[in-house]
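Colleague: Got entry_35.txt for you, compact mmCIF, C-alpha atoms:
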```txt
# COMPACT_ATOMS: atom_id res chain seq x y z
CA MET A 598 -124.83 3.37 72.18
CA THR A 599 -121.07 3.95 71.84
CA ILE A 600 -119.17 4.57 68.60
CA ALA A 601 -117.86 1.01 68.59
CA ASP A 602 -121.42 -0.33 68.97
CA LYS A 603 -122.70 1.23 65.76
CA PRO A 604 -124.13 -1.75 63.84
CA GLN A 605 -124.00 -0.42 60.28
CA ASN A 606 -121.75 2.64 60.01
CA ARG A 607 -118.02 2.08 59.78
CA PRO A 608 -115.97 4.13 62.24
CA THR A 609 -114.66 7.32 60.66
CA LEU A 610 -111.60 9.49 61.17
CA ARG A 611 -113.89 12.00 62.87
CA ASP A 612 -114.89 9.31 65.37
CA VAL A 613 -111.24 8.62 66.16
CA ALA A 614 -110.51 12.32 66.60
CA SER A 615 -113.51 12.74 68.90
CA LEU A 616 -112.56 9.79 71.08
CA ALA A 617 -108.90 10.91 71.30
CA GLY A 618 -109.86 14.52 71.97
CA VAL A 619 -107.97 15.96 69.00
CA SER A 620 -108.81 17.61 65.70
CA VAL A 621 -109.47 15.57 62.57
CA ALA A 622 -106.29 16.97 61.02
CA THR A 623 -104.21 15.89 64.01
CA ALA A 624 -105.77 12.42 63.97
CA SER A 625 -104.94 12.09 60.29
CA LYS A 626 -101.32 13.14 60.83
CA ALA A 627 -100.96 10.73 63.72
CA LEU A 628 -102.30 7.76 61.75
CA ASN A 629 -100.13 8.58 58.75
CA GLY A 630 -96.92 8.84 60.77
CA ARG A 631 -96.34 12.56 60.26
CA ASP A 632 -93.56 14.16 62.33
CA GLN A 633 -95.64 17.14 63.50
CA VAL A 634 -97.54 15.11 66.13
CA HIS A 635 -96.39 14.78 69.77
CA PRO A 636 -95.65 11.15 70.72
CA ASP A 637 -98.24 11.22 73.53
CA THR A 638 -100.90 12.52 71.14
CA ARG A 639 -100.00 9.92 68.54
CA ALA A 640 -100.28 7.15 71.12
CA ARG A 641 -103.71 8.44 72.21
CA VAL A 642 -104.95 8.51 68.62
CA LEU A 643 -103.66 4.99 67.92
CA VAL A 644 -105.35 3.65 71.05
CA ALA A 645 -108.62 5.32 70.03
CA ALA A 646 -108.39 3.88 66.49
CA GLU A 647 -107.75 0.40 67.83
CA LYS A 648 -110.59 0.67 70.35
CA ILE A 649 -113.20 1.33 67.68
CA SER A 650 -111.54 -0.88 65.01
CA PHE A 651 -110.93 2.01 62.67
CA THR A 652 -109.32 1.13 59.29
CA PRO A 653 -108.26 4.10 57.15
CA ASN A 654 -109.71 4.23 53.67
CA ALA A 655 -106.90 3.16 51.34
CA LEU A 656 -107.66 5.75 48.67
CA ALA A 657 -107.93 8.59 51.17
CA ARG A 658 -104.68 7.54 52.83
CA GLY A 659 -102.98 7.36 49.44
CA LEU A 660 -104.21 10.78 48.38
CA LEU A 661 -102.77 12.27 51.58
CA ALA A 662 -99.42 10.84 50.49
CA GLY A 663 -99.93 11.99 46.90
CA GLN A 664 -100.64 8.44 45.66
CA THR A 665 -103.73 6.51 44.59
CA GLY A 666 -102.52 2.95 45.15
CA THR A 667 -103.09 2.06 41.48
CA VAL A 668 -100.75 1.19 38.62
CA GLY A 669 -101.26 0.65 34.91
CA LEU A 670 -100.04 -2.31 32.86
CA ILE A 671 -100.02 -1.80 29.10
CA THR A 672 -99.32 -4.77 26.87
CA GLY A 673 -99.17 -5.02 23.11
CA ASP A 674 -100.24 -8.65 22.99
CA LEU A 675 -102.47 -9.91 25.81
CA ASP A 676 -102.96 -13.28 24.10
CA GLY A 677 -99.24 -13.73 23.56
CA ARG A 678 -97.06 -16.49 24.91
CA PHE A 679 -94.67 -14.03 26.53
CA SER A 680 -96.95 -11.27 27.79
CA LEU A 681 -99.20 -13.34 30.05
CA PRO A 682 -96.53 -14.81 32.37
CA ILE A 683 -94.94 -11.36 32.75
CA LEU A 684 -98.30 -9.85 33.63
CA MET A 685 -99.00 -12.66 36.10
CA GLY A 686 -95.67 -12.11 37.85
CA ALA A 687 -96.21 -8.36 38.04
CA GLU A 688 -99.77 -8.70 39.30
CA ASP A 689 -98.71 -11.14 42.02
CA ALA A 690 -96.05 -8.69 43.20
CA PHE A 691 -98.51 -5.80 43.15
CA GLY A 692 -100.99 -7.87 45.13
CA LYS A 693 -98.46 -8.32 47.91
CA GLY A 694 -98.04 -4.56 48.00
CA LYS A 695 -101.82 -4.07 47.99
CA MET A 696 -101.78 -2.13 44.74
CA SER A 697 -104.72 -2.17 42.33
CA VAL A 698 -103.89 -2.85 38.68
CA PHE A 699 -105.49 -1.47 35.51
CA LEU A 700 -104.67 -3.82 32.61
CA CYS A 701 -104.84 -2.50 29.03
CA ASP A 702 -104.21 -4.36 25.77
CA ALA A 703 -103.01 -2.10 22.96
CA ARG A 704 -102.98 -5.02 20.47
CA GLY A 705 -99.84 -3.73 18.82
CA ASP A 706 -101.54 -0.48 17.80
CA SER A 707 -99.71 2.76 18.70
CA ILE A 708 -102.93 4.82 18.54
CA ARG A 709 -104.69 2.43 20.89
CA GLU A 710 -101.65 2.49 23.18
CA GLN A 711 -101.79 6.30 23.38
CA TYR A 712 -105.50 6.12 24.17
CA HIS A 713 -104.85 3.69 27.04
CA LEU A 714 -101.96 5.84 28.29
CA ASP A 715 -104.15 8.95 28.41
CA ALA A 716 -106.92 7.02 30.17
CA LEU A 717 -104.56 5.63 32.82
CA LEU A 718 -102.99 9.02 33.49
CA SER A 719 -106.45 10.54 33.87
CA ARG A 720 -107.08 7.95 36.60
CA ARG A 721 -103.96 9.23 38.38
CA VAL A 722 -102.12 5.91 38.43
CA ASP A 723 -98.87 5.95 40.42
CA GLY A 724 -96.81 4.26 37.70
CA LEU A 725 -96.82 2.18 34.54
CA ILE A 726 -95.36 -1.09 33.29
CA VAL A 727 -95.19 -1.53 29.52
CA VAL A 728 -94.92 -5.16 28.38
CA GLY A 729 -93.76 -6.10 24.89
CA SER A 730 -94.45 -9.27 22.91
CA ARG A 731 -90.83 -9.64 21.66
CA THR A 732 -87.42 -8.45 22.78
CA ASP A 733 -86.94 -5.92 19.98
CA PRO A 734 -86.57 -2.32 21.21
CA ARG A 735 -89.78 -0.27 21.14
CA PRO A 736 -90.39 3.51 21.16
CA SER A 737 -90.32 5.20 24.55
CA LEU A 738 -93.52 6.70 25.93
CA GLY A 739 -91.46 9.86 26.49
CA ARG A 740 -89.65 11.63 29.31
CA ASN A 741 -92.37 14.08 30.27
CA LEU A 742 -94.81 11.68 31.90
CA PRO A 743 -95.93 12.55 35.43
CA VAL A 744 -95.33 8.98 36.68
CA PRO A 745 -92.45 6.47 36.46
CA VAL A 746 -92.46 3.79 33.75
CA VAL A 747 -90.76 0.39 33.60
CA TYR A 748 -90.45 -1.51 30.30
CA ALA A 749 -90.53 -5.31 30.45
CA TYR A 750 -89.36 -7.79 27.79
CA ALA A 751 -89.32 -5.20 24.99
CA PRO A 752 -86.73 -2.55 25.98
CA SER A 753 -87.27 1.14 25.39
CA THR A 754 -85.18 2.83 22.72
CA ASP A 755 -84.36 5.58 25.26
CA ASP A 756 -81.42 4.73 27.53
CA ASN A 757 -82.87 7.07 30.15
CA ASP A 758 -85.75 4.64 30.65
CA LEU A 759 -85.52 1.47 32.74
CA SER A 760 -85.98 -1.74 30.76
CA LEU A 761 -85.92 -5.36 31.96
CA VAL A 762 -85.12 -8.17 29.50
CA PRO A 763 -84.05 -11.83 29.65
CA ASP A 764 -80.34 -12.38 29.02
CA ASP A 765 -80.63 -14.39 25.80
CA VAL A 766 -76.94 -14.13 24.94
CA GLN A 767 -75.86 -15.70 28.23
CA GLY A 768 -78.73 -18.18 28.06
CA ALA A 769 -77.46 -19.46 24.72
CA LYS A 770 -73.89 -19.63 26.05
CA ASP A 771 -75.15 -21.74 28.93
CA CYS A 772 -76.76 -24.11 26.40
CA VAL A 773 -73.41 -24.64 24.71
CA ASP A 774 -71.71 -25.33 28.04
CA PHE A 775 -74.50 -27.74 28.94
CA LEU A 776 -74.14 -29.80 25.74
CA ILE A 777 -70.34 -29.80 25.89
CA SER A 778 -70.49 -31.04 29.47
CA ARG A 779 -72.38 -34.02 28.06
CA GLY A 780 -69.69 -34.80 25.52
CA ARG A 781 -71.16 -33.05 22.47
CA ARG A 782 -68.75 -31.33 20.08
CA LYS A 783 -70.44 -31.17 16.66
CA ILE A 784 -73.14 -28.65 17.48
CA ALA A 785 -75.60 -26.97 15.09
CA HIS A 786 -78.03 -24.10 15.61
CA ILE A 787 -81.49 -23.86 14.00
CA THR A 788 -83.40 -20.69 14.83
CA GLY A 789 -86.17 -18.33 13.76
CA GLN A 790 -86.56 -15.14 11.79
CA PRO A 791 -83.35 -13.10 11.49
CA ASP A 792 -85.18 -9.79 12.02
CA TYR A 793 -85.99 -10.78 15.63
CA ALA A 794 -83.61 -9.55 18.34
CA ALA A 795 -84.14 -12.84 20.19
CA ALA A 796 -82.90 -14.83 17.18
CA GLN A 797 -79.80 -12.66 16.79
CA ASP A 798 -78.97 -12.64 20.52
CA ARG A 799 -79.33 -16.40 20.86
CA ALA A 800 -77.24 -17.02 17.73
CA ARG A 801 -74.54 -14.70 19.07
CA GLY A 802 -74.55 -16.51 22.40
CA VAL A 803 -74.11 -19.87 20.66
CA ASP A 804 -71.16 -18.57 18.61
CA GLU A 805 -69.48 -16.99 21.65
CA GLY A 806 -70.05 -20.09 23.73
CA LEU A 807 -68.50 -22.40 21.14
CA SER A 808 -65.56 -20.03 20.59
CA SER A 809 -64.79 -20.08 24.31
CA HIS A 810 -64.30 -23.85 23.97
CA GLY A 811 -62.25 -23.57 20.80
CA LEU A 812 -65.11 -24.92 18.67
CA SER A 813 -67.10 -23.56 15.75
CA LEU A 814 -70.73 -23.90 14.77
CA LEU A 815 -71.53 -26.74 12.39
CA GLY A 816 -72.88 -25.31 9.13
CA GLY A 817 -73.46 -21.79 10.50
CA ALA A 818 -76.66 -20.51 12.10
CA GLN A 819 -79.75 -21.66 10.20
CA PHE A 820 -82.33 -18.85 10.25
CA GLY A 821 -85.90 -19.52 9.16
CA SER A 822 -89.22 -19.27 11.02
CA TRP A 823 -90.35 -20.04 14.58
CA THR A 824 -92.28 -23.14 13.49
CA GLU A 825 -92.18 -26.91 13.79
CA GLN A 826 -92.20 -27.18 10.00
CA TRP A 827 -88.99 -25.17 9.78
CA GLY A 828 -87.47 -27.38 12.48
CA ARG A 829 -88.32 -30.49 10.46
CA THR A 830 -87.03 -29.06 7.17
CA ALA A 831 -83.79 -27.66 8.59
CA THR A 832 -83.03 -30.83 10.54
CA ALA A 833 -83.53 -33.05 7.49
CA ARG A 834 -81.05 -30.92 5.56
CA LEU A 835 -78.65 -30.79 8.51
CA ILE A 836 -78.34 -34.55 9.06
CA GLU A 837 -77.94 -35.11 5.33
CA GLN A 838 -75.14 -32.57 4.98
CA HIS A 839 -73.51 -33.15 8.40
CA PRO A 840 -74.09 -36.76 9.48
CA ASP A 841 -71.53 -36.29 12.29
CA VAL A 842 -73.71 -33.70 14.11
CA ASP A 843 -74.25 -34.70 17.75
CA GLY A 844 -76.07 -31.69 19.20
CA ILE A 845 -78.77 -29.29 17.99
CA LEU A 846 -79.53 -26.03 19.77
CA CYS A 847 -82.90 -24.69 18.63
CA GLY A 848 -84.04 -21.06 18.79
CA ASN A 849 -87.36 -22.01 20.39
CA ASP A 850 -89.35 -25.05 21.50
CA GLN A 851 -91.47 -25.27 18.36
CA ILE A 852 -88.39 -25.61 16.18
CA ALA A 853 -87.03 -28.24 18.57
CA ARG A 854 -90.27 -30.24 18.35
CA GLY A 855 -89.94 -30.26 14.57
CA ALA A 856 -86.31 -31.35 14.85
CA LEU A 857 -87.31 -34.26 17.10
CA ASP A 858 -89.94 -35.37 14.57
CA THR A 859 -87.37 -35.57 11.78
CA LEU A 860 -84.76 -37.30 13.95
CA ARG A 861 -87.28 -39.91 15.07
CA GLU A 862 -88.49 -40.53 11.52
CA SER A 863 -84.86 -40.86 10.38
CA GLY A 864 -84.02 -43.42 13.07
CA TRP A 865 -81.65 -41.16 15.04
CA ASP A 866 -81.65 -41.98 18.75
CA VAL A 867 -82.22 -39.01 21.08
CA PRO A 868 -80.26 -38.54 23.30
CA GLY A 869 -78.07 -41.54 22.44
CA ARG A 870 -76.73 -40.38 19.09
CA ILE A 871 -77.71 -36.71 19.30
CA SER A 872 -78.92 -34.21 21.92
CA VAL A 873 -81.55 -31.55 21.27
CA MET A 874 -82.34 -28.39 23.25
CA GLY A 875 -85.17 -25.92 22.87
CA TYR A 876 -85.59 -22.39 24.18
CA ASP A 877 -88.40 -20.59 26.10
CA ASN A 878 -89.53 -23.66 28.10
CA TRP A 879 -93.08 -23.58 26.79
CA GLU A 880 -94.54 -26.52 28.67
CA VAL A 881 -97.11 -27.51 26.05
CA PHE A 882 -94.17 -28.24 23.72
CA THR A 883 -91.49 -29.42 26.16
CA THR A 884 -93.50 -32.02 28.08
CA GLY A 885 -95.53 -32.97 25.01
CA ALA A 886 -92.41 -33.83 23.03
CA ARG A 887 -91.11 -37.38 22.55
CA PRO A 888 -88.78 -37.60 24.41
CA HIS A 889 -89.42 -34.68 26.78
CA LEU A 890 -87.49 -31.62 25.65
CA THR A 891 -84.66 -29.93 27.53
CA SER A 892 -85.19 -26.18 27.25
CA VAL A 893 -84.16 -22.77 28.54
CA ASP A 894 -86.61 -21.04 30.86
CA ILE A 895 -86.47 -17.25 30.41
CA ASN A 896 -88.16 -16.72 33.81
CA LEU A 897 -90.97 -14.49 32.58
CA GLU A 898 -92.94 -14.44 35.84
CA ALA A 899 -89.78 -13.43 37.71
CA LEU A 900 -89.25 -10.72 35.08
CA GLY A 901 -92.75 -9.39 35.74
CA ALA A 902 -92.29 -9.51 39.50
CA LEU A 903 -89.00 -7.60 39.23
CA ALA A 904 -90.69 -5.02 37.01
CA ALA A 905 -93.25 -4.48 39.77
CA ARG A 906 -90.52 -4.12 42.40
CA ARG A 907 -88.60 -1.66 40.27
CA LEU A 908 -91.77 0.35 39.78
CA PHE A 909 -92.37 0.39 43.56
CA GLU A 910 -88.82 1.71 43.99
CA ALA A 911 -89.38 4.40 41.36
CA ILE A 912 -92.65 5.46 43.00
CA ASP A 913 -90.71 5.80 46.27
CA GLY A 914 -88.19 8.06 44.52
CA SER A 915 -85.40 5.65 43.58
CA SER A 916 -84.09 6.34 40.07
CA ARG A 917 -82.74 3.67 37.70
CA SER A 918 -82.17 3.69 33.96
CA GLY A 919 -80.75 1.57 31.16
CA ILE A 920 -81.28 -2.12 30.41
CA GLU A 921 -81.24 -4.69 33.19
CA SER A 922 -80.81 -8.29 32.00
CA LEU A 923 -82.19 -11.22 33.99
CA PRO A 924 -80.54 -14.67 33.92
CA CYS A 925 -82.22 -17.63 32.25
CA ARG A 926 -82.06 -21.22 33.51
CA ILE A 927 -81.78 -24.59 31.81
CA VAL A 928 -84.49 -27.15 32.57
CA PRO A 929 -82.97 -30.58 31.79
CA ARG A 930 -85.22 -33.29 30.39
CA GLU A 931 -84.85 -36.46 28.35
CA THR A 932 -83.49 -35.02 25.06
CA THR A 933 -80.08 -34.39 26.64
```
Have the structure of the file written as structure tokens, please.

Modeller:
Amino acid sequence: MTIADKPQNRPTLRDVASLAGVSVATASKALNGRDQVHPDTRARVLVAAEKISFTPNALARGLLAGQTGTVGLITGDLDGRFSLPILMGAEDAFGKGKMSVFLCDARGDSIREQYHLDALLSRRVDGLIVVGSRTDPRPSLGRNLPVPVVYAYAPSTDDNDLSLVPDDVQGAKDCVDFLISRGRRKIAHITGQPDYAAAQDRARGVDEGLSSHGLSLLGGAQFGSWTEQWGRTATARLIEQHPDVDGILCGNDQIARGALDTLRESGWDVPGRISVMGYDNWEVFTTGARPHLTSVDINLEALGALAARRLFEAIDGSSRSGIESLPCRIVPRETT
């Protein structure tokens, strides 16, 4: 019985070496593309490997290159609206690169996060992605880690780290341009809690966008909570105090849903008399709204996929740092 005829045992590197007439070390170098092997010898080893259908063990091959083919993903909020799409995008990208992923949920607890970090490093992961639940800066894991780290959604406080975030300022500017292109001029902004970076960035983008058109915000930015109830309350006050308002930019989709409730109950036609836009493009709110809600998609899966690509680059030795902002996109629906 020949090596290739073995019914149960997978061909080994030793089998390849024996068939090619070389040492195991030489066979390994040839299969891993090392420069120290003569081209004729390499060709003989490759032919032998193909003849017996030899597939190198991924872990063994990785260890020879100083890598394990595994990465760690640490999130602070696995159940969160923003974490899951980022993780899905990253995992899809890792899958294409045939990397295994260890997923850890720190649940917003720094002690638990340190525990997961230690556990992942003990498994010799090749790199880490840290995913936040909001865009506020978070503490760095430090500069002395043995593997590269990419921060997604929540940027690191250390400028020497690489962080990826959605460009909320430009996204809000684009909203202003979008409404103005549809003839709106009396535009208001209802948003969430003022201690959130997302609320501040989106409010700044609205102000800058209106200023570029020589306009000002109607009534100033209305900060409150990220809820439908706040959207209803703020909109009722807005249309009472500013009956000439013809556009409302909302800080998220929940607020926009509340605004639509109040407008409908008050007999205001949307989008005839007034246009409404949300933010985040959370489908359960946008397509469940009456009428369907125009919103800004912050491209979370693309953010996760880019985080994976940047981590691949870092593992390969490419060095990046600072904050990289990704563009958002408007998804038009019936409210505009």

Colleague: With distances taken over only C-alpha atoms, which residue among A:Asn849, A:Thr891, A:Ser697, A:Gln797 lies nearest Val867 (chain A)?

Modeller: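 Smallest distance to Val867 (chain A) is found for A:Thr891.
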
Colleague: Determine, using all atoms listed in the file, which residues of region 864-922 of chain A have any atom at most 8 Å from an atom of region 742-751 of chain A, and tabulate each with its shortest atom pair and distance in Å to one decimal place, rows ordered by chain and then rising number, as a tab-separated table.

Modeller:
```
residue	atom	partner	partner_atom	distance
A:Leu900	CA	A:Ala749	CA	7.2
A:Gly901	CA	A:Ala749	CA	7.0
A:Ala904	CA	A:Val747	CA	6.4
A:Arg907	CA	A:Val747	CA	7.3
A:Leu908	CA	A:Val747	CA	6.3
A:Ala911	CA	A:Pro745	CA	6.1
A:Ile912	CA	A:Pro745	CA	6.6
```

Colleague: Save out the residues we just selected, C-alpha atoms, as a compact mmCIF listing (two decimals), in the coordinates of the input.

Modeller:
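Below is the file that was written, selection_37.txt:
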```
# COMPACT_ATOMS: atom_id res chain seq x y z
CA LEU A 900 -89.25 -10.72 35.08
CA GLY A 901 -92.75 -9.39 35.74
CA ALA A 904 -90.69 -5.02 37.01
CA ARG A 907 -88.60 -1.66 40.27
CA LEU A 908 -91.77 0.35 39.78
CA ALA A 911 -89.38 4.40 41.36
CA ILE A 912 -92.65 5.46 43.00
```

Colleague: Measure the distance from CA of Gly686 (chain A) to CA of Thr672 (chain A) in Å and round it to one decimal.

Modeller: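 CA of Gly686 (chain A) sits 13.7 Å away from CA of Thr672 (chain A).
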
Colleague: Quick one: pull the distance between CA of Asn757 (chain A) and CA of Lys695 (chain A), Å, one decimal.

Modeller: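 Atom-to-atom, CA of Asn757 (chain A) to CA of Lys695 (chain A), that is 28.3 Å.
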
Colleague: Have a look at CA of Gln767 (chain A) and CA of Asp858 (chain A) and let me know their distance in Å, one decimal.

Modeller: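 Separation of CA of Gln767 (chain A) and CA of Asp858 (chain A): 27.8 Å.
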
Colleague: Considering only C-alpha atoms, can you say which of A:Ala785, A:Val621, A:Ile852, A:Ala796 comes closest to His839 (chain A)?

Modeller: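 Closest to His839 (chain A) of all the choices is A:Ala785.
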
Colleague: With distances taken over only C-alpha atoms, which of A:Ala617, A:Ile871, A:Val881, A:Ala627 is nearest to Ala645 (chain A)?

Modeller: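 For Ala645 (chain A), the nearest of the candidates is A:Ala617.
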
Colleague: Given all atoms listed in the file, how would the per-residue table for region 861-909 of chain A near region 813-827 of chain A read, listing every residue at most 12 Å away with its closest atom pair and distance in Å to one decimal, sorted by chain and number, as CSV?

Modeller:
```
residue,atom,partner,partner_atom,distance
A:Gly875,CA,A:Trp823,CA,11.4
A:Tyr876,CA,A:Trp823,CA,11.0
A:Asp877,CA,A:Trp823,CA,11.7
A:Phe882,CA,A:Glu825,CA,10.2
A:Ala886,CA,A:Glu825,CA,11.5
```

Colleague: Given only C-alpha atoms as the basis, pick out the residue of A:Ala853, A:Arg801, A:Ile784, A:Asp756 nearest to Pro840 (chain A).

Modeller: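 Checking each candidate against Pro840 (chain A), we get A:Ile784 as the closest.
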
Colleague: From the list A:Val842, A:Ser625, A:Ala899, A:Gly806, which residue is nearest Val766 (chain A) when using all atoms listed in the file?

Modeller: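 Going through A:Val842, A:Ser625, A:Ala899, A:Gly806 one by one, the smallest distance to Val766 (chain A) is for A:Gly806.
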
Colleague: Might you pull out every residue within 9 Å of region 919-925 of chain A, with only C-alpha atoms counted and same-chain residues fewer than 3 positions away left off, and present them as a PyMOL selection string?

Modeller: chain A and resi 752-753+755-765+767-768+771+893-896+899-900

Colleague: Would you list the residues near (-105.9, -6.2, 36.0), meaning any protein, DNA or RNA residue with an atom at most 9 Å from that point in file coordinates, counting only C-alpha atoms, as a PyMOL selection string?

Modeller: chain A and resi 669-670+684+688+697-701

Colleague: Just want the 9 Å neighbourhood of Val619 (chain A), counted on only C-alpha atoms, with same-chain residues fewer than 5 positions away dropped. Output as a ChimeraX atom specification.

Modeller: /A:613-614,624,638,642

Colleague: Of the candidates A:Ser778, A:Gln633, A:Thr832, A:Thr788, which one gets nearest to His810 (chain A) if we count all atoms listed in the file?

Modeller: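 Closest to His810 (chain A), using all atoms listed in the file: A:Ser778.
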
Colleague: Need to verify the contact set: Arg720 (chain A), 12 Å, all atoms listed in the file, exclusion of same-chain residues closer than 2 positions in sequence. Can you return it as a ChimeraX atom specification?

Modeller: /A:664-669,697-699,713-718,722-725,744

Colleague: Compile the contact shell of Ser872 (chain A) as a ChimeraX atom specification: residues with an atom at most 9 Å away, counting all atoms listed in the file, same-chain residues fewer than 4 positions apart removed.

Modeller: /A:776,779,781,843-846,866-868,932-933

Colleague: In file coordinates, which residues lie within 8 Å of (-97.6, -21.7, 29.6) using only C-alpha atoms, given as a ChimeraX atom specification?

Modeller: /A:678,682,879-881

Colleague: Suppose we keep C-alpha atoms; can you now write the selection as a short mmCIF file (atom, residue, chain, number, x, y, z; two decimals), in the frame of the given file?

Modeller:
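out_32.cif written:
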```cif
data_model
loop_
_atom_site.label_atom_id
_atom_site.label_comp_id
_atom_site.auth_asym_id
_atom_site.auth_seq_id
_atom_site.Cartn_x
_atom_site.Cartn_y
_atom_site.Cartn_z
CA ARG A 678 -97.06 -16.49 24.91
CA PRO A 682 -96.53 -14.81 32.37
CA TRP A 879 -93.08 -23.58 26.79
CA GLU A 880 -94.54 -26.52 28.67
CA VAL A 881 -97.11 -27.51 26.05
#
```
